[in-house]
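Trainee: Structure: protein_20.txt, compact mmCIF, C-alpha atoms and all ligand atoms.
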# COMPACT_ATOMS: atom_id res chain seq x y z
CA MET X 1 -21.72 11.22 12.29
CA LYS X 2 -21.14 13.66 9.47
CA PHE X 3 -17.89 13.93 7.49
CA ASP X 4 -16.49 16.97 9.33
CA SER X 5 -17.27 15.43 12.72
CA ILE X 6 -15.46 12.20 11.76
CA CYS X 7 -12.43 14.34 10.84
CA ILE X 8 -12.33 15.49 14.46
CA HIS X 9 -13.66 12.58 16.49
CA GLY X 10 -12.67 9.60 14.40
CA VAL X 11 -14.70 6.43 14.56
CA LYS X 12 -13.86 4.85 17.88
CA LYS X 13 -12.67 6.38 21.07
CA ALA X 14 -9.29 4.88 21.97
CA LYS X 15 -8.76 3.56 25.50
CA ASN X 16 -7.57 6.48 27.58
CA GLU X 17 -6.60 5.55 31.10
CA ASN X 18 -5.43 9.00 32.15
CA PHE X 19 -8.33 10.95 30.63
CA SER X 20 -5.95 12.96 28.47
CA HIS X 21 -8.05 15.28 26.27
CA CYS X 22 -5.73 14.93 23.27
CA ALA X 23 -4.41 11.57 22.14
CA PRO X 24 -1.09 10.58 23.71
CA ILE X 25 1.83 9.75 21.40
CA TYR X 26 2.68 6.08 21.79
CA ALA X 27 6.42 6.48 21.41
CA THR X 28 7.20 2.83 21.84
CA SER X 29 8.81 0.25 19.60
CA THR X 30 7.24 -2.72 21.33
CA PHE X 31 4.27 -3.62 23.53
CA GLU X 32 4.16 -5.70 26.69
CA PHE X 33 1.97 -8.68 27.38
CA GLU X 34 0.22 -9.50 30.60
CA ASN X 35 0.64 -13.20 29.96
CA VAL X 36 1.09 -15.75 27.19
CA GLU X 37 -2.60 -15.68 26.18
CA HIS X 38 -2.39 -11.94 25.67
CA CYS X 39 0.71 -12.40 23.53
CA LEU X 40 -1.06 -14.95 21.31
CA LYS X 41 -3.97 -12.54 20.85
CA ALA X 42 -1.53 -9.88 19.68
CA PHE X 43 0.10 -12.28 17.21
CA ASP X 44 -3.36 -13.02 15.85
CA ARG X 45 -3.87 -9.25 15.51
CA LYS X 46 -7.08 -9.24 17.50
CA GLU X 47 -8.74 -5.82 17.76
CA ASN X 48 -6.91 -3.38 20.08
CA THR X 49 -3.93 -5.59 20.67
CA TYR X 50 -0.52 -4.36 19.64
CA LEU X 51 2.72 -6.23 19.34
CA TYR X 52 5.49 -4.21 17.75
CA THR X 53 5.19 -0.79 16.07
CA ARG X 54 6.26 -2.10 12.64
CA TRP X 55 3.02 -4.12 12.81
CA GLY X 56 0.92 -1.21 14.05
CA ASN X 57 0.53 1.30 16.84
CA PRO X 58 -2.48 3.02 18.47
CA ASN X 59 -1.59 6.30 16.73
CA THR X 60 -1.34 4.75 13.26
CA LYS X 61 -4.56 2.81 13.88
CA THR X 62 -6.44 6.01 14.74
CA VAL X 63 -5.47 7.58 11.42
CA GLU X 64 -6.24 4.39 9.46
CA ASP X 65 -9.74 4.08 10.89
CA LYS X 66 -10.45 7.77 10.35
CA VAL X 67 -9.30 7.89 6.73
CA ALA X 68 -11.10 4.62 5.88
CA ALA X 69 -14.31 6.14 7.30
CA LEU X 70 -13.80 9.35 5.29
CA GLU X 71 -13.06 7.60 1.98
CA GLY X 72 -16.13 5.44 2.48
CA PHE X 73 -18.34 8.14 3.95
CA ASN X 74 -22.00 7.54 3.01
CA LEU X 75 -21.06 5.11 0.23
CA LYS X 76 -23.27 2.12 -0.50
CA ASP X 77 -22.69 -0.85 -2.77
CA LYS X 78 -25.12 -1.99 -5.47
CA ARG X 79 -27.27 -3.84 -2.93
CA GLY X 80 -27.49 -0.77 -0.70
CA LYS X 81 -25.04 -2.04 1.92
CA PRO X 82 -22.44 0.41 3.32
CA ILE X 83 -19.04 0.02 1.64
CA ILE X 84 -16.56 -1.02 4.34
CA LEU X 85 -12.96 -0.02 3.72
CA LYS X 86 -9.69 -0.81 5.42
CA ALA X 87 -6.71 1.53 5.47
CA GLN X 88 -3.03 1.04 6.14
CA LEU X 89 -0.68 3.88 7.00
CA PHE X 90 2.82 3.97 5.48
CA SER X 91 6.13 5.75 5.86
CA SER X 92 5.40 7.80 2.72
CA GLY X 93 3.15 8.01 -0.30
CA MET X 94 5.83 6.11 -2.22
CA GLY X 95 5.90 3.50 0.54
CA ALA X 96 2.17 2.93 0.07
CA ILE X 97 2.39 2.84 -3.73
CA SER X 98 5.43 0.56 -3.97
CA THR X 99 4.20 -1.86 -1.29
CA LEU X 100 0.79 -2.10 -2.97
CA LEU X 101 2.21 -2.67 -6.46
CA MET X 102 4.64 -5.30 -5.18
CA SER X 103 1.74 -7.05 -3.44
CA LEU X 104 -0.54 -7.05 -6.48
CA LEU X 105 1.83 -7.74 -9.36
CA LYS X 106 4.21 -10.46 -10.45
CA PRO X 107 6.84 -10.71 -13.20
CA GLY X 108 5.27 -10.38 -16.65
CA ASP X 109 2.41 -8.18 -15.48
CA LYS X 110 1.87 -4.72 -16.91
CA ILE X 111 0.42 -1.48 -15.57
CA LEU X 112 -1.62 0.90 -17.74
CA THR X 113 -1.18 4.58 -16.83
CA HIS X 114 -1.48 8.04 -18.31
CA GLY X 115 1.67 10.07 -18.96
CA SER X 116 1.45 12.75 -16.30
CA ILE X 117 1.52 10.70 -13.09
CA TYR X 118 3.46 11.80 -10.01
CA GLY X 119 7.19 11.87 -10.80
CA GLY X 120 8.21 9.40 -8.09
CA THR X 121 5.56 6.91 -9.17
CA ALA X 122 6.64 7.22 -12.81
CA GLU X 123 10.27 6.65 -11.84
CA LEU X 124 9.34 3.60 -9.75
CA MET X 125 7.47 2.15 -12.72
CA ASP X 126 10.22 3.01 -15.20
CA THR X 127 13.35 2.02 -13.25
CA ILE X 128 12.68 -0.33 -10.32
CA LEU X 129 9.68 -2.37 -11.47
CA PRO X 130 11.14 -3.28 -14.91
CA GLU X 131 14.00 -5.01 -13.06
CA ILE X 132 11.44 -7.47 -11.76
CA LYS X 133 9.78 -7.62 -15.19
CA ILE X 134 6.81 -5.40 -14.42
CA GLU X 135 6.32 -2.73 -17.05
CA ARG X 136 4.01 0.14 -17.72
CA ILE X 137 2.13 1.09 -20.83
CA ILE X 138 1.34 4.78 -21.25
CA VAL X 139 -1.82 5.84 -23.03
CA ASP X 140 -3.86 9.04 -22.95
CA LEU X 141 -6.50 7.72 -20.58
CA LYS X 142 -8.78 10.68 -21.34
CA ASN X 143 -9.64 8.64 -24.41
CA LEU X 144 -11.73 5.78 -22.97
CA ASN X 145 -11.94 3.92 -26.30
CA LYS X 146 -8.18 3.88 -26.55
CA ALA X 147 -7.91 2.76 -22.93
CA GLU X 148 -10.30 -0.14 -23.55
CA GLU X 149 -8.62 -1.13 -26.79
CA THR X 150 -5.25 -1.25 -24.99
CA VAL X 151 -6.59 -3.41 -22.15
CA LYS X 152 -8.28 -5.73 -24.64
CA LYS X 153 -5.10 -6.14 -26.70
CA ASN X 154 -2.80 -6.72 -23.71
CA PRO X 155 -3.97 -9.48 -21.38
CA SER X 156 -0.84 -8.91 -19.30
CA ILE X 157 -2.23 -5.55 -18.10
CA LYS X 158 -3.33 -6.25 -14.54
CA ILE X 159 -3.81 -2.72 -13.20
CA ILE X 160 -5.02 0.65 -14.42
CA TYR X 161 -3.15 3.21 -12.33
CA PHE X 162 -4.31 6.83 -12.49
CA GLU X 163 -4.60 10.22 -10.76
CA SER X 164 -7.20 12.91 -11.20
CA PRO X 165 -6.68 15.79 -11.40
CA ALA X 166 -3.17 14.97 -12.54
CA ASN X 167 -0.36 17.23 -11.63
CA PRO X 168 1.07 19.59 -12.91
CA THR X 169 -1.13 19.85 -16.01
CA ILE X 170 -4.44 19.56 -14.07
CA ASP X 171 -5.91 17.01 -16.49
CA CYS X 172 -9.00 15.21 -15.27
CA TYR X 173 -9.71 11.49 -15.86
CA ASP X 174 -13.08 9.72 -15.85
CA ILE X 175 -13.01 7.51 -12.75
CA THR X 176 -16.30 5.72 -13.52
CA GLY X 177 -15.28 5.15 -17.14
CA LEU X 178 -11.87 3.69 -16.36
CA SER X 179 -13.17 1.60 -13.43
CA SER X 180 -15.88 0.11 -15.66
CA ILE X 181 -13.28 -0.91 -18.25
CA ALA X 182 -11.20 -2.56 -15.52
CA GLN X 183 -14.22 -4.44 -14.20
CA LYS X 184 -15.22 -5.56 -17.67
CA TYR X 185 -11.80 -7.15 -18.24
CA GLY X 186 -11.35 -8.44 -14.69
CA ILE X 187 -8.41 -6.22 -13.79
CA LEU X 188 -7.85 -3.80 -10.89
CA THR X 189 -7.78 -0.03 -10.54
CA VAL X 190 -5.43 1.93 -8.29
CA PHE X 191 -6.22 5.61 -7.88
CA ASP X 192 -4.04 8.33 -6.34
CA ASN X 193 -6.42 10.73 -4.57
CA THR X 194 -3.71 12.95 -3.01
CA VAL X 195 -4.69 16.12 -4.85
CA CYS X 196 -8.37 15.91 -3.84
CA THR X 197 -8.57 14.14 -0.47
CA PRO X 198 -11.84 12.31 0.32
CA TYR X 199 -13.43 15.67 1.10
CA LEU X 200 -13.35 16.70 -2.57
CA GLN X 201 -13.61 13.29 -4.22
CA GLN X 202 -14.48 9.74 -3.13
CA PRO X 203 -13.11 7.41 -5.82
CA PHE X 204 -14.73 4.29 -4.29
CA LYS X 205 -18.08 5.84 -5.24
CA TYR X 206 -17.01 5.46 -8.87
CA GLY X 207 -15.81 1.88 -8.56
CA VAL X 208 -12.05 1.91 -7.97
CA ASP X 209 -10.40 -0.93 -6.03
CA TYR X 210 -7.58 0.86 -4.22
CA VAL X 211 -6.96 4.47 -3.26
CA VAL X 212 -3.53 5.80 -2.29
CA HIS X 213 -2.57 9.15 -0.81
CA SER X 214 0.55 10.94 0.07
CA THR X 215 -0.58 12.14 3.51
CA THR X 216 2.39 14.49 3.28
CA LYS X 217 0.10 16.82 1.35
CA TYR X 218 -3.46 17.90 2.31
CA LEU X 219 -4.23 15.18 4.87
CA ASN X 220 -1.43 16.35 7.14
CA GLY X 221 -1.85 19.81 5.64
CA HIS X 222 0.91 21.58 7.53
CA GLY X 223 4.00 20.14 5.89
CA THR X 224 5.24 18.60 9.15
CA GLY X 225 5.99 15.08 7.96
CA ILE X 226 6.13 12.49 5.22
CA GLY X 227 3.50 9.77 5.11
CA GLY X 228 1.24 7.69 2.91
CA ILE X 229 -1.97 5.75 3.21
CA LEU X 230 -3.58 2.97 1.22
CA ILE X 231 -7.31 2.23 1.40
CA GLY X 232 -8.89 -0.89 -0.06
CA LYS X 233 -12.27 -2.59 -0.25
CA ASN X 234 -10.85 -6.11 -0.52
CA LEU X 235 -10.61 -6.56 3.25
CA ASP X 236 -9.02 -9.98 3.01
CA PHE X 237 -6.22 -8.65 0.78
CA MET X 238 -5.70 -5.64 3.05
CA ARG X 239 -5.59 -7.72 6.19
CA ASN X 240 -3.41 -10.54 4.88
CA ARG X 241 -1.36 -10.13 1.69
CA LEU X 242 -0.87 -6.37 1.97
CA PHE X 243 -0.15 -6.43 5.70
CA HIS X 244 2.33 -9.25 5.15
CA SER X 245 4.24 -7.10 2.62
CA LEU X 246 4.19 -4.00 4.81
CA LYS X 247 5.40 -5.96 7.80
CA LEU X 248 8.30 -7.55 5.94
CA ILE X 249 9.30 -4.71 3.63
CA GLY X 250 9.06 -2.37 6.62
CA THR X 251 7.34 0.59 5.01
CA ASN X 252 5.40 1.30 8.21
CA SER X 253 4.59 4.72 9.68
CA ASN X 254 5.34 5.74 13.25
CA ALA X 255 3.55 7.22 16.27
CA PHE X 256 4.68 10.83 15.90
CA ASP X 257 3.96 11.17 12.17
CA ALA X 258 0.57 9.51 12.67
CA TRP X 259 -0.18 11.89 15.54
CA LEU X 260 0.61 14.87 13.30
CA ILE X 261 -1.60 13.55 10.49
CA ASN X 262 -4.42 13.03 12.95
CA LEU X 263 -4.02 16.61 14.17
CA GLY X 264 -4.12 17.89 10.60
CA LEU X 265 -7.22 15.83 9.77
CA ASN X 266 -9.24 17.77 12.38
CA THR X 267 -9.40 20.77 10.06
CA LEU X 268 -9.44 19.02 6.67
CA PRO X 269 -12.88 20.26 5.49
CA ILE X 270 -12.40 23.93 6.41
CA ARG X 271 -8.91 23.93 5.01
CA MET X 272 -10.09 22.41 1.73
CA ASP X 273 -12.95 24.91 1.43
CA LYS X 274 -10.55 27.82 1.89
CA HIS X 275 -7.88 26.28 -0.39
CA CYS X 276 -10.53 25.93 -3.10
CA SER X 277 -12.07 29.39 -2.77
CA ASN X 278 -8.61 30.99 -2.78
CA ALA X 279 -7.62 28.96 -5.86
CA LYS X 280 -10.69 30.20 -7.71
CA GLU X 281 -9.89 33.85 -6.96
CA ILE X 282 -6.27 33.43 -7.95
CA ALA X 283 -7.14 31.57 -11.16
CA ILE X 284 -9.49 34.41 -12.12
CA PHE X 285 -6.83 37.01 -11.31
CA LEU X 286 -4.19 35.19 -13.35
CA ARG X 287 -6.50 34.69 -16.31
CA GLY X 288 -7.08 38.43 -16.49
CA HIS X 289 -3.37 39.32 -16.36
CA LYS X 290 -1.67 40.43 -19.57
CA LYS X 291 1.56 38.53 -18.86
CA ILE X 292 -0.22 35.20 -18.54
CA LYS X 293 -0.69 32.97 -21.57
CA LYS X 294 -2.85 30.23 -20.10
CA VAL X 295 -4.33 29.14 -16.77
CA ASN X 296 -5.14 25.48 -16.02
CA TYR X 297 -8.00 25.50 -13.55
CA LEU X 298 -10.81 22.96 -13.62
CA GLY X 299 -13.31 25.52 -12.40
CA PHE X 300 -13.23 27.44 -15.69
CA GLU X 301 -16.19 26.45 -17.82
CA ASP X 302 -14.01 26.31 -20.91
CA HIS X 303 -11.58 23.82 -19.35
CA PRO X 304 -12.01 20.71 -21.55
CA GLN X 305 -12.79 18.53 -18.50
CA HIS X 306 -14.85 21.06 -16.52
CA ARG X 307 -18.04 19.01 -16.66
CA LEU X 308 -16.30 15.78 -15.74
CA ALA X 309 -14.58 17.51 -12.81
CA LYS X 310 -17.91 18.91 -11.68
CA LYS X 311 -19.41 15.44 -11.78
CA GLN X 312 -16.77 13.64 -9.75
CA MET X 313 -15.45 16.40 -7.47
CA ARG X 314 -17.15 18.49 -4.79
CA ASN X 315 -15.07 21.55 -5.73
CA PHE X 316 -12.31 22.21 -8.26
CA GLY X 317 -9.29 21.80 -6.02
CA ALA X 318 -6.47 24.15 -5.14
CA LEU X 319 -3.68 22.93 -7.37
CA ILE X 320 -3.51 25.15 -10.44
CA SER X 321 -0.93 25.80 -13.10
CA PHE X 322 -0.32 28.56 -15.59
CA GLU X 323 2.02 29.63 -18.37
CA VAL X 324 3.69 33.02 -18.36
CA LYS X 325 4.62 34.85 -21.54
CA GLY X 326 8.37 34.87 -22.19
CA GLY X 327 9.34 31.20 -21.90
CA LEU X 328 11.89 29.63 -19.58
CA ASN X 329 13.53 32.89 -18.48
CA ALA X 330 10.23 34.49 -17.57
CA GLY X 331 9.44 31.44 -15.42
CA ILE X 332 12.81 31.69 -13.65
CA LYS X 333 12.37 35.44 -13.13
CA LEU X 334 8.94 34.90 -11.60
CA MET X 335 10.35 32.26 -9.24
CA ASN X 336 13.07 34.64 -8.11
CA SER X 337 10.61 37.48 -7.56
CA VAL X 338 7.84 36.00 -5.41
CA LYS X 339 8.13 36.51 -1.65
CA LEU X 340 5.06 35.11 0.07
CA CYS X 341 4.79 32.08 -2.19
CA LYS X 342 7.45 29.59 -1.19
CA LEU X 343 9.60 27.72 -3.72
CA ALA X 344 9.13 24.21 -2.42
CA PRO X 345 8.50 20.90 -4.17
CA SER X 346 5.39 19.81 -2.34
CA LEU X 347 1.71 20.71 -2.28
CA GLY X 348 -1.27 20.79 0.01
CA THR X 349 0.21 22.82 2.85
CA VAL X 350 -1.49 25.79 4.54
CA ASP X 351 1.00 28.14 2.89
CA THR X 352 1.19 28.73 -0.86
CA LEU X 353 3.91 26.79 -2.67
CA ILE X 354 5.15 27.58 -6.16
CA ILE X 355 7.24 25.50 -8.55
CA HIS X 356 8.59 26.07 -12.05
CA PRO X 357 8.94 22.45 -13.26
CA ALA X 358 11.13 23.21 -16.32
CA SER X 359 13.86 24.89 -14.24
CA MET X 360 13.33 23.02 -10.96
CA THR X 361 11.63 19.61 -10.52
CA HIS X 362 11.90 18.58 -14.19
CA ALA X 363 15.20 20.33 -15.02
CA GLY X 364 16.78 16.93 -15.64
CA VAL X 365 14.03 15.73 -17.99
CA ALA X 366 14.56 16.24 -21.74
CA LYS X 367 12.46 19.12 -23.07
CA THR X 368 10.78 16.96 -25.71
CA ILE X 369 9.75 14.40 -23.10
CA ARG X 370 8.36 16.89 -20.60
CA GLU X 371 6.54 18.82 -23.33
CA ASN X 372 4.80 15.59 -24.31
CA TYR X 373 3.17 15.70 -20.89
CA GLY X 374 2.31 19.40 -21.12
CA ILE X 375 5.24 20.61 -19.02
CA THR X 376 6.25 23.56 -21.17
CA ASP X 377 9.14 25.99 -20.53
CA SER X 378 6.96 28.57 -18.84
CA LEU X 379 4.54 26.34 -16.92
CA ILE X 380 4.26 27.30 -13.25
CA ARG X 381 2.51 25.16 -10.65
CA LEU X 382 0.85 26.77 -7.69
CA SER X 383 -0.42 24.93 -4.63
CA VAL X 384 -2.71 27.63 -3.31
CA GLY X 385 -2.58 27.99 0.47
CA ILE X 386 -5.10 29.33 2.95
CA GLU X 387 -3.56 32.77 3.51
CA ASN X 388 -5.75 35.77 2.74
CA SER X 389 -6.15 35.57 -1.03
CA THR X 390 -5.39 39.28 -1.51
CA ASP X 391 -1.89 38.73 -0.11
CA ILE X 392 -1.23 35.85 -2.51
CA ILE X 393 -2.53 37.94 -5.41
CA GLU X 394 -0.40 40.95 -4.38
CA ASP X 395 2.68 38.71 -4.29
CA LEU X 396 2.02 37.30 -7.76
CA LYS X 397 1.11 40.75 -9.13
CA GLY X 398 4.40 42.20 -7.84
CA ALA X 399 6.42 39.35 -9.34
CA LEU X 400 4.61 39.50 -12.70
CA LEU X 401 5.39 43.23 -12.87
CA LYS X 402 9.09 42.33 -13.05
CA LEU X 403 8.60 40.36 -16.28
CA LYS X 404 9.35 42.23 -19.49
C1 LIG L 501 3.78 13.65 -3.14
C2 LIG L 501 3.01 12.71 -3.94
C3 LIG L 501 3.27 11.33 -3.91
C4 LIG L 501 4.42 10.74 -3.13
O1 LIG L 501 4.25 10.90 -1.76
P1 LIG L 501 5.46 10.98 -0.69
O2 LIG L 501 4.74 11.16 0.60
O3 LIG L 501 6.32 12.15 -1.06
O4 LIG L 501 6.20 9.70 -0.79
C5 LIG L 501 2.46 10.51 -4.65
N1 LIG L 501 1.46 10.99 -5.40
C6 LIG L 501 1.18 12.30 -5.46
C7 LIG L 501 0.06 12.78 -6.32
C8 LIG L 501 1.95 13.22 -4.73
O5 LIG L 501 1.68 14.52 -4.82
Can the structure in the file be given as structure tokens, please?
Ligand SMILES: *Cc1c(COP(=O)(O)O)cnc(C)c1O
Mentor:
Amino acid sequence: MKFDSICIHGVKKAKNENFSHCAPIYATSTFEFENVEHCLKAFDRKENTYLYTRWGNPNTKTVEDKVAALEGFNLKDKRGKPIILKAQLFSSGMGAISTLLMSLLKPGDKILTHGSIYGGTAELMDTILPEIKIERIIVDLKNLNKAEETVKKNPSIKIIYFESPANPTIDCYDITGLSSIAQKYGILTVFDNTVCTPYLQQPFKYGVDYVVHSTTKYLNGHGTGIGGILIGKNLDFMRNRLFHSLKLIGTNSNAFDAWLINLGLNTLPIRMDKHCSNAKEIAIFLRGHKKIKKVNYLGFEDHPQHRLAKKQMRNFGALISFEVKGGLNAGIKLMNSVKLCKLAPSLGTVDTLIIHPASMTHAGVAKTIRENYGITDSLIRLSVGIENSTDIIEDLKGALLKLK
């Protein structure tokens, strides 16, 4: 089956005793056993046996199998064998990230990251993990020599953790380059693919070990729930150590959220195509506007990582950012003037979302610190939706007109 058909049909047809056309929602905390043998099979986690929803549920399983198939779609290993992946659904993107890191790391270990990772992930690494003696080292991972030098100098680095494109500055990192460094020094790579989804980018093709997503964003696509997913190629780790953590930390998903993600996944490819084509039109419009200082869009040939993005992504994505002339106040004015674009701290939904980090999401972060990561006073982040692009452009045009 092709990618877009897997998005709709999944990999295996679930048992369906009542011939319901759409999947039922298994709103149940526990599962019954026919007899003791059946119960033992469930405890052994034999295929298609369920025990208790914290351990798994038919709805969560459907999403896991589908996303594993999409992340691994058409991928082959060095010997030409299909790459088999296993996925685990979580209560949130943060649930997936924290459970994975706690399963891979122990006190004394270090994580190498770039500066502009997702705010929640950064905070986890800077506040919670140090309490159990796990620290992060920040380096500009666009510089592969520097990345390698750092790994070489610090044997306690056990993971390279990165995102590409990184939000909100839309920097792009070389997945093959960083994965090769990790392999050379026998350490692991964890990659956050939320902003791309497997439709735009398949990180396993470039050698990463683990992929995480906030399904809250494009995979669900409609902003109807919080969720996360982890995909790994070490099947033994996924099945045993990772599952053990999930089960005992309790960062599991649930039937209804999984059902919503599965519904959203049906339309992933056509949504992504439209998100991307809209983003291109809007980036071009913004770049031509006299009140705009700079537009960060990977599709522009003069973006410093345009060629890298073209190599590792199918299209340039729909998360863009730009700077307006007039600093902090101009950013605030723009926020208070848009109507169609919604001021909401998320991304990847069918409607267009806009954020002014300096006055909103990063208002509590010292200016010098945020500017280090490219979050300037007038930087605006736009998660371009799938409305008609002329309506989004009209909304931005009207709001920009209000700036002095
Ligand atoms: C939203 C987001 C997360 C966190 O996901 P939640 O579902 O909100 O817990 C992690 N990484 C990226 C890139 C995100 O955008």
Trainee: Out of X:Thr251, X:Ser214, X:Asn18, X:Thr224, which residue has the shortest atom-to-atom distance to ligand LIG 501 (chain L) when counting all atoms listed in the file?
Mentor: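 Of X:Thr251, X:Ser214, X:Asn18, X:Thr224, the one nearest ligand LIG 501 (chain L), counting all atoms listed in the file, is X:Ser214.
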Trainee: Taking all atoms listed in the file into account, which residues are within 8 Å of ligand LIG 501 (chain L), as a count of residues only?
Mentor: 30
Trainee: Using only C-alpha atoms, can you tell me which of X:Ile111, X:Leu89, X:Leu219, X:Cys196 comes closest to Gly250 in chain X?
Mentor: X:Leu89
Trainee: When you look at Phe204 in chain X with a cut-off of 9 Å (counting only C-alpha atoms), what residues show up, excluding the ones that are within fewer than 2 positions of it in the same chain? I need them as a list in words.
Mentor: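 Those residues are Glu71, Gly72, Leu75, Ile83, Gln202, Tyr206, Gly207, Val208, Asp209, Tyr210, Val211, Gly232 and Lys233 of chain X.
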Trainee: Those residues you just picked out, can you put them in a file as a PDB file, in the frame of the given file with C-alpha atoms?
Mentor:
ATOM      1  CA  GLU X  71     -13.060   7.600   1.980  1.00  0.00           C
ATOM      2  CA  GLY X  72     -16.130   5.440   2.480  1.00  0.00           C
ATOM      3  CA  LEU X  75     -21.060   5.110   0.230  1.00  0.00           C
ATOM      4  CA  ILE X  83     -19.040   0.020   1.640  1.00  0.00           C
ATOM      5  CA  GLN X 202     -14.480   9.740  -3.130  1.00  0.00           C
ATOM      6  CA  TYR X 206     -17.010   5.460  -8.870  1.00  0.00           C
ATOM      7  CA  GLY X 207     -15.810   1.880  -8.560  1.00  0.00           C
ATOM      8  CA  VAL X 208     -12.050   1.910  -7.970  1.00  0.00           C
ATOM      9  CA  ASP X 209     -10.400  -0.930  -6.030  1.00  0.00           C
ATOM     10  CA  TYR X 210      -7.580   0.860  -4.220  1.00  0.00           C
ATOM     11  CA  VAL X 211      -6.960   4.470  -3.260  1.00  0.00           C
ATOM     12  CA  GLY X 232      -8.890  -0.890  -0.060  1.00  0.00           C
ATOM     13  CA  LYS X 233     -12.270  -2.590  -0.250  1.00  0.00           C
TER      14      LYS X 233
END
Trainee: Measuring between all atoms listed in the file, which one of X:Leu265, X:Ile354, X:Leu112, X:Leu141 shows the shortest distance to Asn154 in chain X?
Mentor: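 The closest residue to Asn154 in chain X is X:Leu112.
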Trainee: Counting only C-alpha atoms, write as a list in words all protein and nucleic acid residues lying at most 9 Å from (-7.8, 19.4, -3.2) in the file's frame.
Mentor: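 The requested residues, written out, are Asn193, Thr194, Val195, Cys196, Thr197, Pro198, Tyr199, Leu200, Gln201, Tyr218, Met272, Asp273, His275, Cys276, Asn315, Phe316, Gly317, Ala318, Leu319 and Gly348 of chain X.
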Trainee: Ranking X:Ile332, X:Leu263, X:Cys172, X:Leu51 by minimum distance to Cys7 in chain X and counting all atoms listed in the file, which one comes first?
Mentor: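 When distances to Cys7 in chain X are compared using all atoms listed in the file, the smallest one comes from X:Leu263.
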Trainee: Wanna dump the range 128-218 of chain X-range 321-327 of chain X contacts at 12 Å for me, each residue with its shortest atom pair and the distance in Å to one decimal, counting only C-alpha atoms, ordered by chain and number, as a tab-separated table?
Mentor:
residue	atom	partner	partner_atom	distance
X:Pro165	CA	X:Ser321	CA	11.7
X:Ala166	CA	X:Ser321	CA	11.1
X:Asn167	CA	X:Ser321	CA	8.7
X:Pro168	CA	X:Ser321	CA	6.5
X:Thr169	CA	X:Ser321	CA	6.6
X:Ile170	CA	X:Ser321	CA	7.2
X:Asp171	CA	X:Ser321	CA	10.7
Trainee: Next, dump the selected residues to file, keeping only C-alpha atoms, as a PDB file, in the frame of the given file.
Mentor:
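In the end it all went to result04.pdb:
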ATOM      1  CA  PRO X 165      -6.680  15.790 -11.400  1.00  0.00           C
ATOM      2  CA  ALA X 166      -3.170  14.970 -12.540  1.00  0.00           C
ATOM      3  CA  ASN X 167      -0.360  17.230 -11.630  1.00  0.00           C
ATOM      4  CA  PRO X 168       1.070  19.590 -12.910  1.00  0.00           C
ATOM      5  CA  THR X 169      -1.130  19.850 -16.010  1.00  0.00           C
ATOM      6  CA  ILE X 170      -4.440  19.560 -14.070  1.00  0.00           C
ATOM      7  CA  ASP X 171      -5.910  17.010 -16.490  1.00  0.00           C
TER       8      ASP X 171
END
Trainee: Between CA of Thr62 in chain X and CA of Tyr161 in chain X, what is the distance in Å, rounded to a tenth?
Mentor: 27.4 Å
Trainee: Quick one, how far is CA of Ser359 in chain X from CA of Lys342 in chain X?
Mentor: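 Separation of CA of Ser359 in chain X and CA of Lys342 in chain X: 15.3 Å.
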Trainee: Show which residues sit within 7 Å of Asn278 in chain X, as a list in words. Count all atoms listed in the file, and ignore same-chain residues fewer than 6 positions away.
Mentor: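 So the residues in contact are Val384, Ile386 and Ser389 of chain X.
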Trainee: Between X:Ala14, X:Ile134, X:Ala358, X:Val63, single out the one closest to Glu47 in chain X, counting only C-alpha atoms.
Mentor: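 Of X:Ala14, X:Ile134, X:Ala358, X:Val63, the one nearest Glu47 in chain X, counting only C-alpha atoms, is X:Ala14.
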Trainee: What are the centre and edge lengths in Å, to one decimal, of the axis-aligned box around all listed atoms of range 178-185 of chain X with 8 Å added on each side, as AutoDock Vina command-line options?
Mentor:
--center_x -13.5 --center_y -1.7 --center_z -15.8 --size_x 20.7 --size_y 26.8 --size_z 20.8
Trainee: Neighbouring residues of Ile159 in chain X were defined as those with any atom within 12 Å, considering all atoms listed in the file; residues of the same chain fewer than 6 positions away were excluded. Please report them as a CSV table (one decimal) with C-alpha atoms, keeping the file's coordinate frame.
Mentor:
chain,number,residue,atom,x,y,z
X,100,LEU,CA,0.8,-2.1,-3.0
X,101,LEU,CA,2.2,-2.7,-6.5
X,102,MET,CA,4.6,-5.3,-5.2
X,104,LEU,CA,-0.5,-7.0,-6.5
X,105,LEU,CA,1.8,-7.7,-9.4
X,106,LYS,CA,4.2,-10.5,-10.4
X,109,ASP,CA,2.4,-8.2,-15.5
X,110,LYS,CA,1.9,-4.7,-16.9
X,111,ILE,CA,0.4,-1.5,-15.6
X,112,LEU,CA,-1.6,0.9,-17.7
X,113,THR,CA,-1.2,4.6,-16.8
X,134,ILE,CA,6.8,-5.4,-14.4
X,135,GLU,CA,6.3,-2.7,-17.0
X,136,ARG,CA,4.0,0.1,-17.7
X,137,ILE,CA,2.1,1.1,-20.8
X,147,ALA,CA,-7.9,2.8,-22.9
X,150,THR,CA,-5.2,-1.2,-25.0
X,151,VAL,CA,-6.6,-3.4,-22.2
X,178,LEU,CA,-11.9,3.7,-16.4
X,179,SER,CA,-13.2,1.6,-13.4
X,181,ILE,CA,-13.3,-0.9,-18.2
X,182,ALA,CA,-11.2,-2.6,-15.5
X,183,GLN,CA,-14.2,-4.4,-14.2
X,185,TYR,CA,-11.8,-7.2,-18.2
X,186,GLY,CA,-11.4,-8.4,-14.7
X,187,ILE,CA,-8.4,-6.2,-13.8
X,188,LEU,CA,-7.8,-3.8,-10.9
X,189,THR,CA,-7.8,0.0,-10.5
X,190,VAL,CA,-5.4,1.9,-8.3
X,191,PHE,CA,-6.2,5.6,-7.9
X,208,VAL,CA,-12.0,1.9,-8.0
X,209,ASP,CA,-10.4,-0.9,-6.0
X,210,TYR,CA,-7.6,0.9,-4.2
